[in-house]
Amino acid sequence: MADGGAIARDMTLRQAVTAAGQALRAAGIDDAVLDAGLLLAHVIDGDRLTLIRDPGRRLDDAQSRKFAELIAARAARKPVSRLLGRREFWSLDFSISGAVLDPRPDSETAVAAALEQLPRVEGAYRIADFGTGSGCLLLALLAERPRAWGLGLDISFAAVQLAKRNAQDLELSGRAHFMVGDWGRAMLGGFDLIVANPPYIRSTDLAGLAPEVRCHDPRQALDGGADGLAAYRALAPDLKRMLKPRGRAILECGRDQAADLVKILQTEGLRVGGFHADLSGVARCLRVAVA
Ligand SMILES: C[S@@+](CC[C@H](N)C(=O)[O-])C[C@H]1O[C@@H](n2cnc3c(N)ncnc32)[C@H](O)[C@@H]1O
């Protein structure tokens, strides 16, 4: 069933989603029916409610073929977001590609933590996002702070191109600028807020990641070196220079890395003001100030 062969011509929407759900479950996909529904909605008209409102509607030949292809790819562990080329983050719609990390709901904790540091909705804040990827962190912040200005930086040219496109699609390109670079080395500074979600997986842990991550997120978005902390060591020495005297940084980290990250930051003369936990209660972000 993992080849999408469960999908036959002329099936109703209900039959198609049931058959696809069974096929995905057989392939070990946890959210089999949900994923089948999202992919079927994409094939018909993009609206998942159509599956509820009109379950007896029949797929035409082209739709059946397309749906079977998508189900086969999902059974082979390609994430739904990669199949759709889209991901919702902070209730905004982002394009994604093979050049960028698929934005994670956990990273919305970083957005919430950053907004606490930008208390005035109308504040003309200057924000930097290091390792911007799809641009999701910076663009979510700019969407919430209509007079703020932001710079997203990434080592990947393709990521920067995609982030620019997302800024345009979200009508934020007038306030969002992007550049290719290696962490903070070429940057002067003057930022009220720096946000960063660097790669933080230990190199030796990469092989054990789920295929959805290992085979589809770019390695340079994941690989944090031997102890997972290489990117923080590279970025930390520039933070103090780049922040305004009362500026703050919000750094996302892995579930067991907060204590080691505090040491790295303190060595650079920075003060860690607190942690922000994600929905599972894991310390996910550190709040950093110029000491
Ligand atoms: C974990 S991803 C985060 C992407 C995005 N900010 C998000 O939260 O979804 C880390 C990003 O850091 C970028 N990166 C890796 N090494 C870098 C470097 N030396 N300088 C700048 N960016 C780098 C990667 O290309 C990747 O886009």
# chains A, B, ... in the order shown; residues from 1 in each chain; ligands from 1
$ residues_around --residues "Val100 (chain A)" --least-positions-apart "2" --cutoff "7 Å" --atoms "only C-alpha atoms" --output "ChimeraX atom specification"
/A:96-98,102,133-134,159,217-218
$ select_by_dssp --residues "region 60-265 of chain A" --states "strand (DSSP E or B)" --output "count of residues only"
42
$ atom_distance --atom1 "CA of Thr132 (chain A)" --atom2 "atom 4 (C, counted along the ligand's line) of ligand 1"
4.9 Å
$ residues_near_ligand --ligand "ligand 1" --cutoff "8 Å" --atoms "only C-alpha atoms and all ligand atoms" --output "PyMOL selection string"
chain A and resi 99-104+107+129-138+153-156+159+180-184+196-200+218+220-222+231+234
$ closest_residue --among "A:Ala114, A:Ala20, A:Ala277, A:Cys253" --to "Leu70 (chain A)" --atoms "only C-alpha atoms"
A:Ala20
$ residues_around --residues "Arg14 (chain A)" --least-positions-apart "6" --cutoff "8 Å" --atoms "only C-alpha atoms" --output "list in words"
Leu51, Pro55 and Gly56 of chain A
$ write_last_selection --atoms "all heavy atoms" --output "compact mmCIF listing (two decimals), in the first residue's frame"
# COMPACT_ATOMS: atom_id res chain seq x y z
N LEU A 51 -13.87 18.15 2.48
CA LEU A 51 -13.93 16.71 2.78
C LEU A 51 -15.11 16.42 3.71
O LEU A 51 -15.72 15.35 3.65
CB LEU A 51 -12.64 16.22 3.44
CG LEU A 51 -11.33 16.57 2.75
CD1 LEU A 51 -10.16 15.94 3.49
CD2 LEU A 51 -11.35 16.09 1.31
N PRO A 55 -18.46 14.82 1.20
CA PRO A 55 -17.68 13.57 1.20
C PRO A 55 -17.98 12.64 0.03
O PRO A 55 -17.19 11.77 -0.31
CB PRO A 55 -18.08 12.91 2.54
CG PRO A 55 -19.39 13.52 2.89
CD PRO A 55 -19.39 14.90 2.34
N GLY A 56 -19.15 12.85 -0.61
CA GLY A 56 -19.52 11.97 -1.72
C GLY A 56 -18.98 12.42 -3.07
O GLY A 56 -19.15 11.72 -4.08
$ select_by_dssp --residues "region 85-117 of chain A" --states "alpha helix (DSSP H)" --output "list of chain:residue names"
A:Glu108, A:Thr109, A:Ala110, A:Val111, A:Ala112, A:Ala113, A:Ala114, A:Leu115, A:Glu116
$ decode --residues "region 236-252 of chain A" --atoms "all heavy atoms" --output "CSV table (one decimal), in the first residue's frame"
chain,number,residue,atom,x,y,z
A,236,ALA,N,28.2,33.8,19.7
A,236,ALA,CA,28.2,34.5,21.0
A,236,ALA,C,29.2,35.7,21.1
A,236,ALA,O,28.8,36.8,21.6
A,236,ALA,CB,28.5,33.6,22.1
A,237,PRO,N,30.4,35.6,20.5
A,237,PRO,CA,31.4,36.7,20.7
A,237,PRO,C,30.9,38.0,20.0
A,237,PRO,O,31.4,39.1,20.3
A,237,PRO,CB,32.6,36.1,20.0
A,237,PRO,CG,32.5,34.7,20.0
A,237,PRO,CD,31.0,34.4,19.9
A,238,ASP,N,30.0,37.9,19.0
A,238,ASP,CA,29.5,39.1,18.3
A,238,ASP,C,28.3,39.7,18.9
A,238,ASP,O,27.9,40.8,18.6
A,238,ASP,CB,29.3,38.7,16.9
A,238,ASP,CG,30.6,38.4,16.1
A,238,ASP,OD1,31.5,39.1,16.2
A,238,ASP,OD2,30.6,37.3,15.5
A,239,LEU,N,27.6,39.0,19.8
A,239,LEU,CA,26.3,39.4,20.3
A,239,LEU,C,26.4,40.8,21.0
A,239,LEU,O,25.6,41.7,20.8
A,239,LEU,CB,25.7,38.4,21.2
A,239,LEU,CG,25.1,37.2,20.6
A,239,LEU,CD1,24.6,36.2,21.6
A,239,LEU,CD2,24.0,37.6,19.6
A,240,LYS,N,27.4,40.9,21.9
A,240,LYS,CA,27.5,42.1,22.7
A,240,LYS,C,27.7,43.3,21.8
A,240,LYS,O,27.1,44.4,22.0
A,240,LYS,CB,28.7,41.9,23.6
A,240,LYS,CG,28.7,42.8,24.9
A,240,LYS,CD,29.7,42.3,25.8
A,240,LYS,CE,29.7,43.1,27.1
A,240,LYS,NZ,30.6,42.6,28.1
A,241,ARG,N,28.6,43.2,20.8
A,241,ARG,CA,28.8,44.3,19.9
A,241,ARG,C,27.6,44.7,19.1
A,241,ARG,O,27.4,45.9,18.8
A,241,ARG,CB,30.0,43.9,19.0
A,241,ARG,CG,30.3,44.9,17.9
A,241,ARG,CD,31.5,44.4,17.1
A,241,ARG,NE,31.4,43.0,16.6
A,241,ARG,CZ,30.7,42.6,15.6
A,241,ARG,NH1,29.9,43.4,15.0
A,241,ARG,NH2,30.7,41.3,15.3
A,242,MET,N,26.8,43.7,18.8
A,242,MET,CA,25.7,44.0,17.9
A,242,MET,C,24.4,44.5,18.6
A,242,MET,O,23.5,45.0,18.0
A,242,MET,CB,25.3,42.7,17.1
A,242,MET,CG,26.4,42.3,16.1
A,242,MET,SD,25.9,40.9,15.1
A,242,MET,CE,25.7,39.6,16.2
A,243,LEU,N,24.4,44.2,19.9
A,243,LEU,CA,23.2,44.7,20.6
A,243,LEU,C,23.3,46.1,21.1
A,243,LEU,O,24.4,46.5,21.5
A,243,LEU,CB,22.9,43.8,21.9
A,243,LEU,CG,22.3,42.4,21.6
A,243,LEU,CD1,22.4,41.6,22.9
A,243,LEU,CD2,20.9,42.5,21.1
A,244,LYS,N,22.3,46.9,21.1
A,244,LYS,CA,22.3,48.2,21.8
A,244,LYS,C,22.5,47.9,23.3
A,244,LYS,O,22.2,46.8,23.8
A,244,LYS,CB,20.9,48.9,21.6
A,244,LYS,CG,20.7,49.4,20.2
A,244,LYS,CD,19.4,50.1,20.1
A,244,LYS,CE,19.1,50.7,18.8
A,244,LYS,NZ,17.7,51.2,18.7
A,245,PRO,N,22.9,48.9,24.1
A,245,PRO,CA,23.1,48.7,25.5
A,245,PRO,C,22.0,48.1,26.2
A,245,PRO,O,22.2,47.3,27.1
A,245,PRO,CB,23.4,50.1,26.0
A,245,PRO,CG,23.9,50.9,24.8
A,245,PRO,CD,23.2,50.3,23.6
A,246,ARG,N,20.7,48.4,25.8
A,246,ARG,CA,19.6,47.8,26.5
A,246,ARG,C,18.9,46.7,25.7
A,246,ARG,O,17.8,46.3,25.9
A,246,ARG,CB,18.5,48.9,26.9
A,246,ARG,CG,19.1,49.9,27.9
A,246,ARG,CD,18.1,51.0,28.1
A,246,ARG,NE,16.8,50.6,28.6
A,246,ARG,CZ,16.5,50.4,29.9
A,246,ARG,NH1,17.5,50.6,30.8
A,246,ARG,NH2,15.3,50.0,30.2
A,247,GLY,N,19.7,46.3,24.6
A,247,GLY,CA,19.1,45.2,23.7
A,247,GLY,C,19.1,43.9,24.4
A,247,GLY,O,19.7,43.6,25.4
A,248,ARG,N,18.3,43.0,23.7
A,248,ARG,CA,18.2,41.6,24.2
A,248,ARG,C,18.3,40.6,23.1
A,248,ARG,O,18.0,41.0,21.9
A,248,ARG,CB,16.8,41.4,24.8
A,248,ARG,CG,16.4,42.3,26.0
A,248,ARG,CD,17.0,41.7,27.2
A,248,ARG,NE,16.6,42.5,28.4
A,248,ARG,CZ,17.2,43.6,28.9
A,248,ARG,NH1,18.3,44.1,28.2
A,248,ARG,NH2,16.8,44.2,30.0
A,249,ALA,N,18.8,39.4,23.4
A,249,ALA,CA,18.8,38.4,22.4
A,249,ALA,C,18.0,37.2,22.9
A,249,ALA,O,17.9,36.9,24.1
A,249,ALA,CB,20.2,37.9,22.2
A,250,ILE,N,17.3,36.6,22.0
A,250,ILE,CA,16.5,35.3,22.3
A,250,ILE,C,17.2,34.2,21.5
A,250,ILE,O,17.1,34.3,20.3
A,250,ILE,CB,15.0,35.5,22.0
A,250,ILE,CG1,14.4,36.6,22.8
A,250,ILE,CG2,14.3,34.2,22.2
A,250,ILE,CD1,14.2,36.4,24.2
A,251,LEU,N,17.7,33.3,22.2
A,251,LEU,CA,18.4,32.2,21.5
A,251,LEU,C,17.7,30.9,21.8
A,251,LEU,O,17.5,30.5,23.0
A,251,LEU,CB,19.8,32.0,22.0
A,251,LEU,CG,20.7,33.3,21.9
A,251,LEU,CD1,22.1,33.0,22.4
A,251,LEU,CD2,20.8,33.8,20.5
A,252,GLU,N,17.3,30.2,20.7
A,252,GLU,CA,16.7,28.9,20.9
A,252,GLU,C,17.7,27.8,21.1
A,252,GLU,O,18.8,27.9,20.5
A,252,GLU,CB,15.8,28.5,19.7
A,252,GLU,CG,15.1,27.2,19.8
A,252,GLU,CD,14.1,26.9,18.7
A,252,GLU,OE1,13.4,27.8,18.2
A,252,GLU,OE2,13.9,25.7,18.4
